[in-house]
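Everything below concerns the one structure shown next.
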Amino acid sequence: MDGNGRWAQSRGLDRSAGHRKGMDAAYDCAVACRAAGVSHLSLFAFSTDNWQRPAAEVKELIALFDRGMRENFSRIVADDLRIRFIGDLSGFPQAVRRTIGKIEAETADNGALHLQIALNYSGKWDVAEAVRRLADTGHDLSAATEEQIASELATAGCPELDLLIRTSGELRLSNFMLWQAAYAELYFTEVLWPDFGAAELQAALADYARRERRYGRVEAR
Ligand code: IPE
Ligand code: MG
């Protein structure tokens with residue numbers, strides 16, 4: 001989800017106004033995905049590298065996540081969203097972790113859309129963490145298989161990543177789900193994240209539907 005800052009700055013607003021609008025866009029995107037029959041949606045909300053931003057912006061972002069989760073709580077449950085957080089949550093304040101734990105527990109039986117929110121996440125961290133977990137459970141790492149590593153990733157149990165959308169005109173993955181993106185179809189749009197609505201999602205899904213996925217073979221699979 002990229003472009004919150006530029007969205008705000010182009011309107012003469014504070015970057016935090018862009019983050020607030022971006023959070024509304026994220027919720028609307030989840031609901032639109034559910035309506036479109038998408039089973040799993042992962043949102044990259046905060047990267048391990050976002051700590052490098054000015055302390056005030058980081059603080060504002062964390063407060064916004066916390067407030068957003070608490071204010072939208074009943075709506076999340078009513079909308080049948082199952083929320084899970086992926087990433088190293090140990091870096092977040094205790095109160096935020098409590099809100100996260102509560103929202104995961106309360107939505108665990110929901111099922112219309114599995115919504116994963118990546119907080120303090122990065123693709124490299126995910127793979128390194130998976131390897132560490134294999135080692136901790138006594139696996140012989142010199143014989144580690146792709147399946148074993150995949151089974152320890154934050155996304156273990158999720159279907160394979162089909163479509164990866166990057167907004168705001170940037171043409172890079174920025175350390176998001178590197179392993180999982182091996183055969184993902186990539187979709188780049190100039191639209192800034194706060195403006196990414198149901199129509200943009202439909203356009204991305206329509207584009208995806210036209211792709212031919214060959215996975216290195218001659219014919220589509
Ligand atoms: C993405 O928008 C939101 C987060 C990383 C939390 P940005 O804040 O990166 O917006 P730009 O790139 O400055 O426009
Ligand atoms: Mg950005």
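Following the order of the structure tokens, first chain is A, next is B, and so on, with residues numbered from 1 inside each chain and ligands from 1 in the order they appear.
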
Using only C-alpha atoms, determine which residues lie at most 12 Å from stretch 195-202 of chain A, disregarding the query and same-chain residues fewer than 5 positions distant; provide the list as a tab-separated table (two decimals) with N, CA, C and O atoms, in the first residue's frame.
```
chain	number	residue	atom	x	y	z
A	1	MET	N	0.87	-1.16	0.00
A	1	MET	CA	0.00	0.00	0.00
A	1	MET	C	0.91	1.21	0.00
A	1	MET	O	1.42	1.60	1.03
A	2	ASP	N	1.13	1.81	-1.16
A	2	ASP	CA	2.10	2.90	-1.23
A	2	ASP	C	1.48	4.16	-1.80
A	2	ASP	O	0.61	4.10	-2.68
A	3	GLY	N	1.93	5.28	-1.29
A	3	GLY	CA	1.50	6.57	-1.84
A	3	GLY	C	0.69	7.43	-0.88
A	3	GLY	O	0.20	8.49	-1.27
A	4	ASN	N	0.56	7.01	0.37
A	4	ASN	CA	-0.20	7.80	1.34
A	4	ASN	C	0.38	9.20	1.50
A	4	ASN	O	-0.36	10.19	1.54
A	6	ARG	N	2.38	10.97	-0.54
A	6	ARG	CA	2.22	11.80	-1.73
A	6	ARG	C	0.78	12.25	-1.91
A	6	ARG	O	0.51	13.38	-2.33
A	7	TRP	N	-0.16	11.37	-1.57
A	7	TRP	CA	-1.58	11.73	-1.67
A	7	TRP	C	-1.85	12.96	-0.79
A	7	TRP	O	-2.51	13.90	-1.22
A	8	ALA	N	-1.32	12.93	0.43
A	8	ALA	CA	-1.56	14.03	1.37
A	8	ALA	C	-0.82	15.29	0.92
A	8	ALA	O	-1.40	16.38	0.87
A	18	GLY	N	-2.81	11.34	4.97
A	18	GLY	CA	-2.73	10.30	3.94
A	18	GLY	C	-2.80	8.91	4.55
A	18	GLY	O	-3.44	8.00	4.00
A	19	HIS	N	-2.15	8.75	5.69
A	19	HIS	CA	-2.20	7.43	6.35
A	19	HIS	C	-3.61	7.11	6.83
A	19	HIS	O	-4.07	5.97	6.74
A	21	LYS	N	-6.44	8.23	5.50
A	21	LYS	CA	-7.22	7.91	4.30
A	21	LYS	C	-6.82	6.54	3.76
A	21	LYS	O	-7.64	5.77	3.29
A	22	GLY	N	-5.53	6.21	3.89
A	22	GLY	CA	-5.03	4.92	3.44
A	22	GLY	C	-5.64	3.77	4.24
A	22	GLY	O	-5.89	2.69	3.70
A	23	MET	N	-5.90	4.03	5.51
A	23	MET	CA	-6.49	2.96	6.31
A	23	MET	C	-7.94	2.72	5.89
A	23	MET	O	-8.40	1.58	5.82
A	24	ASP	N	-8.66	3.79	5.58
A	24	ASP	CA	-10.03	3.62	5.07
A	24	ASP	C	-10.00	2.84	3.76
A	24	ASP	O	-10.84	1.96	3.53
A	25	ALA	N	-9.01	3.16	2.92
A	25	ALA	CA	-8.90	2.46	1.62
A	25	ALA	C	-8.63	0.98	1.86
A	25	ALA	O	-9.14	0.12	1.13
A	26	ALA	N	-7.82	0.67	2.88
A	26	ALA	CA	-7.49	-0.73	3.17
A	26	ALA	C	-8.76	-1.49	3.58
A	26	ALA	O	-8.99	-2.62	3.14
A	27	TYR	N	-9.57	-0.85	4.41
A	27	TYR	CA	-10.80	-1.52	4.84
A	27	TYR	C	-11.72	-1.74	3.65
A	27	TYR	O	-12.27	-2.85	3.45
A	28	ASP	N	-11.88	-0.70	2.84
A	28	ASP	CA	-12.76	-0.80	1.66
A	28	ASP	C	-12.24	-1.88	0.70
A	28	ASP	O	-13.02	-2.61	0.08
A	29	CYS	N	-10.92	-1.99	0.59
A	29	CYS	CA	-10.32	-2.98	-0.30
A	29	CYS	C	-10.63	-4.39	0.21
A	29	CYS	O	-10.96	-5.29	-0.57
A	30	ALA	N	-10.56	-4.57	1.53
A	30	ALA	CA	-10.87	-5.89	2.10
A	30	ALA	C	-12.32	-6.28	1.80
A	30	ALA	O	-12.60	-7.40	1.38
A	31	VAL	N	-13.22	-5.33	1.99
A	31	VAL	CA	-14.64	-5.60	1.75
A	31	VAL	C	-14.88	-5.88	0.25
A	31	VAL	O	-15.62	-6.80	-0.11
A	32	ALA	N	-14.20	-5.12	-0.61
A	32	ALA	CA	-14.34	-5.33	-2.06
A	32	ALA	C	-13.76	-6.69	-2.47
A	32	ALA	O	-14.30	-7.36	-3.35
A	33	CYS	N	-12.67	-7.10	-1.83
A	33	CYS	CA	-12.08	-8.42	-2.13
A	33	CYS	C	-13.05	-9.52	-1.74
A	33	CYS	O	-13.27	-10.48	-2.48
A	34	ARG	N	-13.64	-9.35	-0.56
A	34	ARG	CA	-14.61	-10.35	-0.10
A	34	ARG	C	-15.75	-10.46	-1.11
A	34	ARG	O	-16.15	-11.55	-1.50
A	35	ALA	N	-16.26	-9.31	-1.54
A	35	ALA	CA	-17.37	-9.29	-2.50
A	35	ALA	C	-16.97	-9.94	-3.83
A	35	ALA	O	-17.79	-10.56	-4.50
A	36	ALA	N	-15.69	-9.82	-4.18
A	36	ALA	CA	-15.22	-10.38	-5.46
A	36	ALA	C	-14.88	-11.87	-5.34
A	36	ALA	O	-14.49	-12.49	-6.33
A	37	GLY	N	-14.99	-12.41	-4.15
A	37	GLY	CA	-14.73	-13.83	-3.97
A	37	GLY	C	-13.26	-14.17	-3.71
A	37	GLY	O	-12.87	-15.34	-3.81
A	38	VAL	N	-12.48	-13.17	-3.39
A	38	VAL	CA	-11.07	-13.42	-3.03
A	38	VAL	C	-11.05	-14.09	-1.66
A	38	VAL	O	-11.77	-13.65	-0.76
A	41	LEU	N	-6.30	-12.08	1.48
A	41	LEU	CA	-5.73	-10.77	1.13
A	41	LEU	C	-4.65	-10.44	2.16
A	41	LEU	O	-4.87	-10.56	3.37
A	163	LEU	N	-1.60	-12.87	-7.02
A	163	LEU	CA	-1.53	-11.52	-7.58
A	163	LEU	C	-0.94	-10.57	-6.55
A	163	LEU	O	-1.36	-10.56	-5.39
A	164	LEU	N	0.06	-9.82	-6.98
A	164	LEU	CA	0.69	-8.84	-6.08
A	164	LEU	C	0.50	-7.45	-6.69
A	164	LEU	O	0.91	-7.20	-7.82
A	165	ILE	N	-0.18	-6.59	-5.96
A	165	ILE	CA	-0.50	-5.25	-6.45
A	165	ILE	C	0.40	-4.23	-5.76
A	165	ILE	O	0.51	-4.23	-4.54
A	166	ARG	N	1.05	-3.38	-6.55
A	166	ARG	CA	1.85	-2.30	-5.98
A	166	ARG	C	1.32	-0.98	-6.51
A	166	ARG	O	1.24	-0.79	-7.72
A	167	THR	N	0.93	-0.11	-5.61
A	167	THR	CA	0.37	1.18	-6.03
A	167	THR	C	1.45	2.26	-6.09
A	167	THR	O	2.58	2.05	-5.68
A	168	SER	N	1.08	3.39	-6.58
A	168	SER	CA	1.84	4.65	-6.58
A	168	SER	C	2.97	4.71	-7.60
A	168	SER	O	3.84	5.58	-7.49
A	187	TYR	N	1.20	-6.61	-10.58
A	187	TYR	CA	0.34	-5.57	-11.14
A	187	TYR	C	0.77	-4.23	-10.55
A	187	TYR	O	0.77	-4.05	-9.33
A	188	PHE	N	1.18	-3.34	-11.42
A	188	PHE	CA	1.62	-2.02	-10.97
A	188	PHE	C	0.65	-0.96	-11.46
A	188	PHE	O	0.22	-1.00	-12.62
A	189	THR	N	0.31	-0.06	-10.58
A	189	THR	CA	-0.58	1.04	-10.98
A	189	THR	C	-0.06	2.36	-10.44
A	189	THR	O	0.57	2.40	-9.38
A	190	GLU	N	-0.32	3.43	-11.20
A	190	GLU	CA	0.09	4.77	-10.77
A	190	GLU	C	-0.79	5.30	-9.64
A	190	GLU	O	-0.43	6.25	-8.96
A	207	ASP	N	-7.27	-7.68	-15.11
A	207	ASP	CA	-5.95	-7.82	-15.73
A	207	ASP	C	-5.36	-9.20	-15.39
A	207	ASP	O	-4.85	-9.92	-16.26
A	208	TYR	N	-5.48	-9.56	-14.11
A	208	TYR	CA	-4.99	-10.86	-13.66
A	208	TYR	C	-5.67	-12.01	-14.41
A	208	TYR	O	-5.02	-12.99	-14.80
A	209	ALA	N	-6.97	-11.86	-14.64
A	209	ALA	CA	-7.74	-12.92	-15.30
A	209	ALA	C	-7.25	-13.17	-16.73
A	209	ALA	O	-7.45	-14.24	-17.28
```

Please, which residues of stretch 2-213 of chain A, numbered as in this document, come out strand (DSSP E or B) from DSSP, as a VMD selection string?
chain A and resid 40 to 47 81 to 86 113 to 121 163 to 166 185 to 188

Looking only at the backbone, which of the residues in stretch 138-201 of chain A does DSSP tag as helix (DSSP H, G or I), as a JSON list (two decimals) with N, CA and C atoms, in the first residue's frame?
```json
[["chain", "number", "residue", "atom", "x", "y", "z"],
["A", 141, "LEU", "N", 19.59, -28.62, 8.90],
["A", 141, "LEU", "CA", 19.46, -27.56, 7.89],
["A", 141, "LEU", "C", 20.20, -27.87, 6.61],
["A", 142, "SER", "N", 21.23, -28.72, 6.68],
["A", 142, "SER", "CA", 21.97, -29.04, 5.47],
["A", 142, "SER", "C", 21.10, -29.85, 4.49],
["A", 143, "ALA", "N", 19.98, -30.38, 5.00],
["A", 143, "ALA", "CA", 19.08, -31.14, 4.13],
["A", 143, "ALA", "C", 17.72, -30.46, 4.02],
["A", 146, "GLU", "N", 12.61, -27.05, 0.26],
["A", 146, "GLU", "CA", 11.76, -25.88, 0.03],
["A", 146, "GLU", "C", 10.44, -26.03, 0.78],
["A", 147, "GLU", "N", 9.91, -27.24, 0.78],
["A", 147, "GLU", "CA", 8.63, -27.48, 1.46],
["A", 147, "GLU", "C", 8.75, -27.19, 2.96],
["A", 148, "GLN", "N", 9.89, -27.63, 3.54],
["A", 148, "GLN", "CA", 10.07, -27.40, 4.98],
["A", 148, "GLN", "C", 10.17, -25.91, 5.28],
["A", 149, "ILE", "N", 10.92, -25.19, 4.44],
["A", 149, "ILE", "CA", 11.04, -23.74, 4.67],
["A", 149, "ILE", "C", 9.66, -23.09, 4.51],
["A", 150, "ALA", "N", 8.95, -23.45, 3.43],
["A", 150, "ALA", "CA", 7.63, -22.86, 3.19],
["A", 150, "ALA", "C", 6.68, -23.12, 4.35],
["A", 180, "GLN", "N", 7.15, -16.01, -1.40],
["A", 180, "GLN", "CA", 5.79, -16.30, -1.84],
["A", 180, "GLN", "C", 5.49, -15.72, -3.23],
["A", 181, "ALA", "N", 6.26, -14.70, -3.62],
["A", 181, "ALA", "CA", 5.99, -14.02, -4.89],
["A", 181, "ALA", "C", 6.66, -14.73, -6.08],
["A", 182, "ALA", "N", 7.25, -15.89, -5.83],
["A", 182, "ALA", "CA", 8.03, -16.57, -6.88],
["A", 182, "ALA", "C", 7.28, -16.63, -8.21],
["A", 183, "TYR", "N", 5.99, -16.97, -8.15],
["A", 183, "TYR", "CA", 5.20, -17.05, -9.39],
["A", 183, "TYR", "C", 3.96, -16.16, -9.34],
["A", 193, "TRP", "N", -2.26, 4.84, -3.04],
["A", 193, "TRP", "CA", -3.06, 3.91, -2.25],
["A", 193, "TRP", "C", -4.38, 4.50, -1.73],
["A", 194, "PRO", "N", -4.41, 5.73, -1.22],
["A", 194, "PRO", "CA", -5.70, 6.24, -0.70],
["A", 194, "PRO", "C", -6.79, 6.31, -1.77],
["A", 195, "ASP", "N", -6.39, 6.36, -3.04],
["A", 195, "ASP", "CA", -7.37, 6.41, -4.13],
["A", 195, "ASP", "C", -7.68, 5.03, -4.70],
["A", 198, "ALA", "N", -12.72, 0.22, -5.13],
["A", 198, "ALA", "CA", -13.30, -1.00, -5.72],
["A", 198, "ALA", "C", -13.06, -1.05, -7.22],
["A", 199, "ALA", "N", -13.13, 0.10, -7.90],
["A", 199, "ALA", "CA", -12.95, 0.11, -9.36],
["A", 199, "ALA", "C", -11.52, -0.30, -9.73],
["A", 200, "GLU", "N", -10.54, 0.21, -8.95],
["A", 200, "GLU", "CA", -9.13, -0.15, -9.21],
["A", 200, "GLU", "C", -8.90, -1.63, -8.93],
["A", 201, "LEU", "N", -9.54, -2.13, -7.88],
["A", 201, "LEU", "CA", -9.40, -3.56, -7.58],
["A", 201, "LEU", "C", -9.97, -4.40, -8.72]]
```

Distance query stretch 85-90 of chain A at most 8 Å, only C-alpha atoms, self and fewer than 3 positions along chain excluded, as a list in words
Pro93, Arg97, Ile100, Glu104, Gln116, Ile117, Ala118, Leu119, Asn120, Tyr121, Ser122, Asp126, Ala154 and Thr155 of chain A

Non-local contacts of A:Leu113 (6 Å; only C-alpha atoms; under 5 positions in same chain excluded) as a list in words:
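Once the nearby chain positions are removed, what remains is Arg34, Ser39, His40 and Leu81 of chain A.
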
Selection above as a file: N, CA, C and O atoms, as a short mmCIF file (atom, residue, chain, number, x, y, z; two decimals), in the first residue's frame:
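Full text of out-v4.cif as output:
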```
data_model
loop_
_atom_site.label_atom_id
_atom_site.label_comp_id
_atom_site.auth_asym_id
_atom_site.auth_seq_id
_atom_site.Cartn_x
_atom_site.Cartn_y
_atom_site.Cartn_z
N ARG A 34 -13.64 -9.35 -0.56
CA ARG A 34 -14.61 -10.35 -0.10
C ARG A 34 -15.75 -10.46 -1.11
O ARG A 34 -16.15 -11.55 -1.50
N SER A 39 -10.26 -15.14 -1.50
CA SER A 39 -10.26 -15.83 -0.20
C SER A 39 -9.22 -15.29 0.76
O SER A 39 -9.41 -15.29 1.97
N HIS A 40 -8.08 -14.82 0.22
CA HIS A 40 -6.99 -14.33 1.08
C HIS A 40 -6.47 -12.99 0.57
O HIS A 40 -6.21 -12.85 -0.63
N LEU A 81 -14.61 -10.81 8.57
CA LEU A 81 -13.19 -10.81 8.21
C LEU A 81 -12.41 -11.58 9.27
O LEU A 81 -12.62 -11.40 10.47
#
```

Spatial neighbours of A:Arg133, 10 Å, only C-alpha atoms, chain gap at least 5 places, as a list in words
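Close residues of A:Arg133: Val127, Ala128, Gly138, His139, Ile149, Glu152 and Leu153 of chain A.
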
Nearest residue to ligand 1 from the set A:Ala45, A:Val58, A:Cys158, A:Ala220 (distances using only C-alpha atoms and all ligand atoms)
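That would be A:Ala45, the residue with the smallest distance to ligand 1.
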
Å distance separating atom CA of A:Val218 from atom CA of A:Asp162, one decimal place:
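Calculated distance between atom CA of A:Val218 and atom CA of A:Asp162 is 18.9 Å.
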